[in-house]
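Engineer: I am attaching a structure below and will ask some questions about it afterwards.
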2 protein chains.
Amino acid sequence: MSDDSPSIEQLRQQIDALDSQMVEILAKRAEVTRQIGIYKSKVGLPVYVPSREAELLATRRQQGEQRGVSPDLVEDILRRVMRESYQTQNEQYVCTNPAVKNIVVIGGAGALGKVFVQMFRRSGYHVSILEKNDWAKAPDMLANAALVIVSVPIAITETIINQLQHLPHDCILADITSIKQKPYQAMMDRHQGPVVGLHPMFGPDVSSLVKQVVVVCHGKQPDAYQWLLEQMKIWGASLYETTAQEHDQAMAFIQVMRHFSSFVYGNHLRQENPDLQQLIALSSPIYRLELAMVGRLFAQDPSLYADIIFNNRDSIELLKRFRDRFDDALTLIESKDKAEFIKQFFMTGSWFGDYAKQCLKDSKKLLLKADDDRTFD
Amino acid sequence: MSDDSPSIEQLRQQIDALDSQMVEILAKRAEVTRQIGIYKSKVGLPVYVPSREAELLATRRQQGEQRGVSPDLVEDILRRVMRESYQTQNEQYVCTNPAVKNIVVIGGAGALGKVFVQMFRRSGYHVSILEKNDWAKAPDMLANAALVIVSVPIAITETIINQLQHLPHDCILADITSIKQKPYQAMMDRHQGPVVGLHPMFGPDVSSLVKQVVVVCHGKQPDAYQWLLEQMKIWGASLYETTAQEHDQAMAFIQVMRHFSSFVYGNHLRQENPDLQQLIALSSPIYRLELAMVGRLFAQDPSLYADIIFNNRDSIELLKRFRDRFDDALTLIESKDKAEFIKQFFMTGSWFGDYAKQCLKDSKKLLLKADDDRTFD
């Protein structure tokens with residue numbers, strides 16, 4: 001190598017200097033987004049403005065292209081940075097109904113309850129938390145509540161709703177349970193005033209409500225709880241309206257089927273008892289991800305999953321039909337009928353339509369991101 | 001708001017200016033990593049140096065902390081940037097065996113074959129591709145081959161190996177099939193010279209071989225193919241040694257079980273025929289990801305999956321035991337035995353051990369990344 005070409009140490013110093021500048025830019029950017037957050041909370045603008053985000057990304061992708069930097073790299077980085085700014089930009093949100101005196105969250109000390117308590121408080125509402133030991137205080141707390149949100153385990157949701165007394169006639173009654181028909185019916189029966197069923201389609205570990213979906217099952221007097229829906233939109237949530245029945249049918253597919261399959265798969269592994277470390281080492285990114293989807297279940301609270309699975313009685317028939325289809329497919333393999341396997345594969349591919357291609361594209365992107373975090377020694 | 005506070009337009013212009021600087025830094029960084037790549041390829045250093053990566057991340061995390069920027073944000077961005085640099089930094093790799101005259105990749109025009117052809121060529125080797133229509137040229141091509149890699153569909157791997165003639169006695173024979181016992185045995189029987197079985201644990205869409213696993217099943221004369229293993233390490237791959245039998249047993253769990261379950265789940269959805277758009281809309285990030293894992297299967301070539309599932313005969317018994325465990329779990333639900341469900345849940349949790357917690361942590365991180373890509377209007 002010629003004498004005037006930089007050494008590897010010099011090149012690495014250049015990298016370090018550039019990375020250091022990058023961190024400085026992130027610090028400056030956080031300060032500006034903080035100011036934007038203050039502005040938005042004063043004016044009442046939502047945190048997430050899709051058109052602004054799309055325009056920002058398009059401009060930078062174009063710049064990347066001109067400067068020989070992969071536009072996808074630019075977009076990935078900016079999206080990650082924006083996630084952070086959505087999360088930190090708003091210490092305060094605009095309050096869509098300053099007339100509200102008090103909000104009571106029953107079970108507000110639970111994981112998901114806490115998220116809502118925090119969001120309401122950041123939006124300037126007074127929030128009281130009612131936990132099982134405070135039940136004696138319930139009459140006082142509920143007496144001046146403008147909104148009561150039930151955020152308790154599925155198994156006791158109906159019982160708690162049925163115990164509610166002294167709710168003001170104009171108080172909104174809402175729940176955030178992951179099943180909807182039974183709590184909905186209980187609320188409709190119990191309360192004369194406004195009622196709405198909600199299912200936040202995310203766990204307590206979300207970094208913000210931006211781009212998260214909340215299912216809304218309209219109950220009674222929607223005009224009275226419109227401010228609540230607007231408040232969630234201010235937080236960045238996307239609302240999806242459906243009926244309690246449609247919701248529960250969809251959940252039989254989504255929650256029950258997946259949790260149940262993961263439960264069986266985990267039990268299967270335990271009983272077969274393969275060398276887990278070897279399985280992990282031998283797994284490609286996609287299998288590692290699938291294994292992680294099973295493993296993660298067992299790091300969580302079994303009661304939650306038992307409640308979800310045992311409380312959706314319709315799902316037993318669905319699971320039985322799944323079992324029959326499993327048997328059908330086994331027969332294909334035993335009889336070595338590869339042609340029929342391929343035929344069914346194509347039929348199901350057609351059923352998924354363009355979504356299958358989208359899944360492949362999205363999962364490829366995500367697997368690359370999963371790989372970013374790998375470390376080897 | 002006071003007159004001297006900046007308007008939202010001014011704040012957004014500040015963001016745009018900072019983002020523009022970030023793209024400029026990325027462009028400069030790419031130029032430096034390109035130079036590092038040239039240096040490494042001359043000196044023969046591997047692309048991925050774990051200690052350098054760890055140190056770089058630690059220093060920037062610390063800077064982030066000092067400047068009030070989330071260290072996790074800094075690390076996520078740097079890891080994404082490093083992925084890009086691993087991918088682009090090396091147009092050339094050092095060649096670990098310049099004495100090699102010719103490498104033949106049978107099926108080298110296929111998706112995964114192409115990856116290896118490109119990597120060998122970038123490392124200065126002469127590579128010939130043998131496709132089914134070129135079989136007449138095979139004797140000439142193979143006569144001076146130092147390495148022959150079989151990269152053809154599983155169903156014809158053994159046939160192709162058995163057709164190999166005129167291999168020089170010192171030529172290395174290797175395959176990259178996703179099952180190992182049968183091709184391994186066929187190669188051992190067919191060839192007197194060096195033999196090694198390989199299974200690259202990644203798909204053709206990897207951005208580079210950095211941090212990707214390649215399974216190595218040693219055959220004959222390991223000293224003779226040591227340069228090949230070293231070459232893959234130069235590319236950044238992590239080698240995992242095991243026997244063909246252990247590999248195939250693990251794959252019954254990893255590949256067959258998962259592909260088969262996804263196949264059945266897809267068929268189940270098609271036959272139940274729920275509103276797919278509604279399912280997607282009602283899915284939380286984790287369910288969307290799980291659905292995507294099923295959907296992606298059906299956007300791919302059914303023959304590949306048929307081969308994997310139908311060629312691992314041992315797996316039928318494994319699948320039958322899975323079906324029995326599915327039935328056992330169904331019985332639990334029908335008999336409303338929540339206590340037994342929770343007991344089994346804990347047993348399986350113990351079996352997974354700390355890995356379950358790790359899965360939960362990793363998947364949370366990944367789900368946040370998946371959310372970054374969401375767009376709503």
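Residues in the structure tokens are named by chain (A, B, ... in the order shown) and by number from 1 within that chain; ligands are numbered from 1 in the order shown.
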Applying 6 Å and only C-alpha atoms, which residues near range 161-170 of chain A remain after dropping the ones on its own chain fewer than 3 positions away? List them as a list in words.
Structural biologist: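 Once the adjacent positions are removed, what remains is Leu142, Ala143, Glu158 and Gly193 of chain A.
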Engineer: How would the residues just chosen look if you wrote them out with N, CA and C atoms as a compact mmCIF listing (two decimals), in the first residue's frame?
Structural biologist:
# COMPACT_ATOMS: atom_id res chain seq x y z
N LEU A 142 -66.40 7.29 42.43
CA LEU A 142 -67.26 7.18 41.25
C LEU A 142 -68.29 8.30 41.19
N ALA A 143 -68.59 8.87 42.34
CA ALA A 143 -69.69 9.84 42.41
C ALA A 143 -69.48 11.04 41.50
N GLU A 158 -66.80 -8.88 34.14
CA GLU A 158 -68.26 -8.77 34.29
C GLU A 158 -68.65 -8.54 35.76
N GLY A 193 -76.23 5.52 31.25
CA GLY A 193 -75.54 6.60 30.53
C GLY A 193 -74.71 6.08 29.37
Engineer: Could you go through range 43-287 of chain A and tell me which residues DSSP, when run on the backbone, assigns to helix (DSSP H, G or I), listing them as a ChimeraX atom specification?
Structural biologist: /A:43,50-66,71-89,111-122,132-143,154-163,181-190,222-234,244-272,276-281,285-287
Engineer: So that I can check the surroundings of range 131-133 of chain B, please list as a ChimeraX atom specification every protein, DNA and RNA residue that reaches within 8 Å of it, counting only C-alpha atoms and ignoring chain neighbours fewer than 2 positions away.
Structural biologist: /B:106-109,129,135-136
Engineer: Between range 207-309 of chain A and range 331-340 of chain B, at 9 Å or less, what are the per-residue closest atom pairs and their distances in Å? Count only C-alpha atoms, order by chain and rising residue number, and return it as a Markdown table.
Structural biologist:
| residue | atom | partner | partner_atom | distance |
| --- | --- | --- | --- | --- |
| A:Ser303 | CA | B:Lys338 | CA | 8.4 |
| A:Ala306 | CA | B:Lys338 | CA | 6.4 |
| A:Asp307 | CA | B:Lys338 | CA | 8.5 |
| A:Ile309 | CA | B:Ile333 | CA | 7.9 |
Engineer: Can you pull out every residue within 9 Å of Met187 in chain B, counting only C-alpha atoms, but drop anything in the same chain fewer than 5 positions away, and send it as a PDB file with C-alpha atoms, in the first residue's frame?
Structural biologist:
ATOM      1  CA  GLU B 158     -28.780 -37.465  -4.725  1.00  0.00           C
ATOM      2  CA  ILE B 161     -24.347 -36.461  -6.992  1.00  0.00           C
ATOM      3  CA  ASN B 162     -24.568 -39.999  -8.347  1.00  0.00           C
ATOM      4  CA  LEU B 173     -17.184 -32.134  -3.169  1.00  0.00           C
ATOM      5  CA  ALA B 174     -19.728 -30.123  -1.148  1.00  0.00           C
ATOM      6  CA  ASP B 175     -23.480 -29.563  -1.123  1.00  0.00           C
ATOM      7  CA  LYS B 182     -28.851 -38.399   2.227  1.00  0.00           C
ATOM      8  CA  GLN B 192     -12.823 -40.598  -2.923  1.00  0.00           C
ATOM      9  CA  VAL B 195     -16.149 -34.165   1.102  1.00  0.00           C
ATOM     10  CA  VAL B 196     -18.038 -31.659   3.256  1.00  0.00           C
ATOM     11  CA  GLY B 197     -21.758 -31.081   3.760  1.00  0.00           C
ATOM     12  CA  GLY B 219     -16.861 -35.631   5.651  1.00  0.00           C
TER      13      GLY B 219
END
Engineer: Which residue out of A:Arg29, A:Lys40, A:His218, A:Arg296 has the minimum interatomic distance to Ser85 in chain A when only C-alpha atoms are used?
Structural biologist: A:Arg29
Engineer: Residues near Tyr39 in chain B, anyone? I mean within 8 Å using only C-alpha atoms, not counting same-chain ones fewer than 4 positions away, as number ranges by chain.
Structural biologist: A: 8; B: 35, 43
Engineer: Taking C-alpha atoms for each residue, export the selection above as a PDB file, in the first residue's frame.
Structural biologist:
ATOM      1  CA  ILE A   8      -6.937   1.406   9.285  1.00  0.00           C
TER       2      ILE A   8
ATOM      3  CA  GLN B  35     -11.800   2.521   1.894  1.00  0.00           C
ATOM      4  CA  VAL B  43      -4.741  -7.429   4.153  1.00  0.00           C
TER       5      VAL B  43
END
Engineer: Under the rule that only C-alpha atoms are counted, which of B:Val148, B:Ile25, B:Ile36, B:Met82 is the nearest residue to Gly113 in chain B?
Structural biologist: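 Ranked by minimum distance to Gly113 in chain B, first place goes to B:Val148.
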Engineer: Pick out the residues sitting within 12 Å of Pro183 in chain A, and hand them over as a ChimeraX atom specification; count only C-alpha atoms, and ignore anything fewer than 4 positions along from it in its own chain.
Structural biologist: /A:149-162,173-179,187-191,195-199,217,219,244-245,248,311
Engineer: Hey, what's within 8 Å of Leu73 in chain A if we count only C-alpha atoms and toss same-chain stuff fewer than 3 positions away? As a list in words, please?
Structural biologist: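 Non-adjacent residues within range: Val69, Ser70, Asp76 and Ile77 of chain A; Arg80, Val81 and Glu84 of chain B.
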Engineer: From the list B:Gly236, B:Gly64, B:Gly44, B:Pro222, which residue is nearest chain A when using only C-alpha atoms?
Structural biologist: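 Of all the options, B:Gly64 lies closest to chain A.
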Engineer: For the atom pair CA of Asp205 in chain A and CA of Tyr240 in chain A, what is the interatomic distance in Å to one decimal place?
Structural biologist: 20.7 Å
Engineer: Can you check which residues of range 99-272 of chain B DSSP gives as strand (DSSP E) on the backbone and send them as number ranges by chain?
Structural biologist: B: 103-106, 127-130, 147-150, 172-175, 195-200, 213-220, 238-241
Engineer: Quick one: write out the picked residues with N, CA, C and O atoms as a tab-separated table (two decimals), in the first residue's frame?
Structural biologist:
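Output file part04.tsv is given in full below:
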chain	number	residue	atom	x	y	z
B	103	ILE	N	-13.87	-23.24	-9.71
B	103	ILE	CA	-14.93	-23.73	-8.82
B	103	ILE	C	-16.16	-23.95	-9.69
B	103	ILE	O	-16.50	-23.09	-10.51
B	104	VAL	N	-16.80	-25.11	-9.54
B	104	VAL	CA	-18.02	-25.37	-10.29
B	104	VAL	C	-19.20	-25.37	-9.32
B	104	VAL	O	-19.17	-26.09	-8.32
B	105	VAL	N	-20.22	-24.54	-9.60
B	105	VAL	CA	-21.44	-24.56	-8.79
B	105	VAL	C	-22.54	-25.15	-9.64
B	105	VAL	O	-22.99	-24.55	-10.62
B	106	ILE	N	-22.94	-26.38	-9.29
B	106	ILE	CA	-24.03	-27.04	-10.02
B	106	ILE	C	-25.35	-26.47	-9.51
B	106	ILE	O	-25.64	-26.53	-8.32
B	127	VAL	N	-15.28	-19.03	-11.38
B	127	VAL	CA	-16.43	-19.90	-11.07
B	127	VAL	C	-17.17	-20.27	-12.35
B	127	VAL	O	-17.49	-19.39	-13.16
B	128	SER	N	-17.43	-21.54	-12.54
B	128	SER	CA	-18.28	-21.99	-13.65
B	128	SER	C	-19.61	-22.47	-13.09
B	128	SER	O	-19.66	-23.05	-12.01
B	129	ILE	N	-20.67	-22.18	-13.85
B	129	ILE	CA	-22.00	-22.61	-13.43
B	129	ILE	C	-22.46	-23.75	-14.32
B	129	ILE	O	-22.39	-23.64	-15.55
B	130	LEU	N	-22.91	-24.81	-13.68
B	130	LEU	CA	-23.40	-25.95	-14.44
B	130	LEU	C	-24.90	-26.06	-14.20
B	130	LEU	O	-25.34	-26.33	-13.08
B	147	LEU	N	-13.14	-27.40	-6.59
B	147	LEU	CA	-14.28	-27.46	-5.68
B	147	LEU	C	-15.55	-27.57	-6.51
B	147	LEU	O	-15.74	-26.80	-7.46
B	148	VAL	N	-16.39	-28.53	-6.16
B	148	VAL	CA	-17.70	-28.65	-6.80
B	148	VAL	C	-18.75	-28.51	-5.71
B	148	VAL	O	-18.73	-29.24	-4.71
B	149	ILE	N	-19.65	-27.54	-5.90
B	149	ILE	CA	-20.73	-27.35	-4.93
B	149	ILE	C	-22.05	-27.71	-5.59
B	149	ILE	O	-22.40	-27.17	-6.64
B	150	VAL	N	-22.78	-28.62	-4.95
B	150	VAL	CA	-24.08	-29.04	-5.48
B	150	VAL	C	-25.16	-28.17	-4.84
B	150	VAL	O	-25.34	-28.19	-3.62
B	172	ILE	N	-12.67	-30.94	-4.04
B	172	ILE	CA	-13.58	-30.96	-2.88
B	172	ILE	C	-15.01	-31.09	-3.40
B	172	ILE	O	-15.41	-30.34	-4.29
B	173	LEU	N	-15.77	-32.01	-2.81
B	173	LEU	CA	-17.18	-32.13	-3.17
B	173	LEU	C	-18.01	-31.66	-1.97
B	173	LEU	O	-17.82	-32.12	-0.84
B	174	ALA	N	-18.90	-30.69	-2.23
B	174	ALA	CA	-19.73	-30.12	-1.15
B	174	ALA	C	-21.14	-29.92	-1.66
B	174	ALA	O	-21.37	-29.81	-2.87
B	175	ASP	N	-22.11	-29.90	-0.73
B	175	ASP	CA	-23.48	-29.56	-1.12
B	175	ASP	C	-24.01	-28.51	-0.15
B	175	ASP	O	-23.45	-28.34	0.94
B	195	VAL	N	-14.69	-34.34	1.12
B	195	VAL	CA	-16.15	-34.17	1.10
B	195	VAL	C	-16.57	-33.36	2.33
B	195	VAL	O	-16.09	-33.61	3.43
B	196	VAL	N	-17.47	-32.40	2.12
B	196	VAL	CA	-18.04	-31.66	3.26
B	196	VAL	C	-19.48	-31.28	2.93
B	196	VAL	O	-19.80	-30.86	1.82
B	197	GLY	N	-20.36	-31.47	3.92
B	197	GLY	CA	-21.76	-31.08	3.76
B	197	GLY	C	-21.98	-29.71	4.39
B	197	GLY	O	-21.52	-29.46	5.50
B	198	LEU	N	-22.68	-28.82	3.68
B	198	LEU	CA	-22.92	-27.47	4.20
B	198	LEU	C	-24.42	-27.17	4.16
B	198	LEU	O	-25.12	-27.63	3.27
B	199	HIS	N	-24.88	-26.41	5.13
B	199	HIS	CA	-26.25	-25.90	5.06
B	199	HIS	C	-26.23	-24.44	5.47
B	199	HIS	O	-26.11	-24.14	6.66
B	200	PRO	N	-26.33	-23.55	4.49
B	200	PRO	CA	-26.38	-22.12	4.82
B	200	PRO	C	-27.74	-21.82	5.46
B	200	PRO	O	-28.77	-22.06	4.84
B	213	VAL	N	-25.27	-17.93	9.74
B	213	VAL	CA	-24.72	-19.22	10.16
B	213	VAL	C	-24.64	-20.19	8.97
B	213	VAL	O	-25.56	-20.25	8.16
B	214	VAL	N	-23.53	-20.91	8.86
B	214	VAL	CA	-23.42	-22.01	7.90
B	214	VAL	C	-23.11	-23.27	8.71
B	214	VAL	O	-22.14	-23.31	9.47
B	215	VAL	N	-23.97	-24.29	8.56
B	215	VAL	CA	-23.74	-25.56	9.24
B	215	VAL	C	-22.72	-26.36	8.44
B	215	VAL	O	-22.79	-26.42	7.20
B	216	VAL	N	-21.76	-26.94	9.15
B	216	VAL	CA	-20.70	-27.73	8.51
B	216	VAL	C	-20.77	-29.17	9.03
B	216	VAL	O	-20.69	-29.40	10.24
B	217	CYS	N	-20.97	-30.13	8.11
B	217	CYS	CA	-20.91	-31.55	8.47
B	217	CYS	C	-19.65	-32.12	7.84
B	217	CYS	O	-19.60	-32.32	6.61
B	218	HIS	N	-18.64	-32.36	8.68
B	218	HIS	CA	-17.36	-32.83	8.16
B	218	HIS	C	-17.49	-34.20	7.53
B	218	HIS	O	-18.16	-35.08	8.06
B	219	GLY	N	-16.82	-34.36	6.37
B	219	GLY	CA	-16.86	-35.63	5.65
B	219	GLY	C	-15.49	-36.27	5.64
B	219	GLY	O	-15.10	-36.91	6.61
B	220	LYS	N	-14.74	-36.04	4.57
B	220	LYS	CA	-13.41	-36.63	4.41
B	220	LYS	C	-12.36	-35.55	4.19
B	220	LYS	O	-12.65	-34.54	3.55
B	238	SER	N	-20.64	-17.32	10.36
B	238	SER	CA	-20.31	-18.04	11.58
B	238	SER	C	-20.54	-19.53	11.30
B	238	SER	O	-21.63	-19.91	10.86
B	239	LEU	N	-19.52	-20.36	11.49
B	239	LEU	CA	-19.65	-21.79	11.15
B	239	LEU	C	-20.11	-22.58	12.37
B	239	LEU	O	-19.67	-22.32	13.49
B	240	TYR	N	-21.02	-23.52	12.15
B	240	TYR	CA	-21.52	-24.36	13.24
B	240	TYR	C	-21.36	-25.81	12.83
B	240	TYR	O	-21.97	-26.27	11.87
B	241	GLU	N	-20.50	-26.54	13.56
B	241	GLU	CA	-20.21	-27.93	13.20
B	241	GLU	C	-21.17	-28.89	13.88
B	241	GLU	O	-21.41	-28.79	15.08
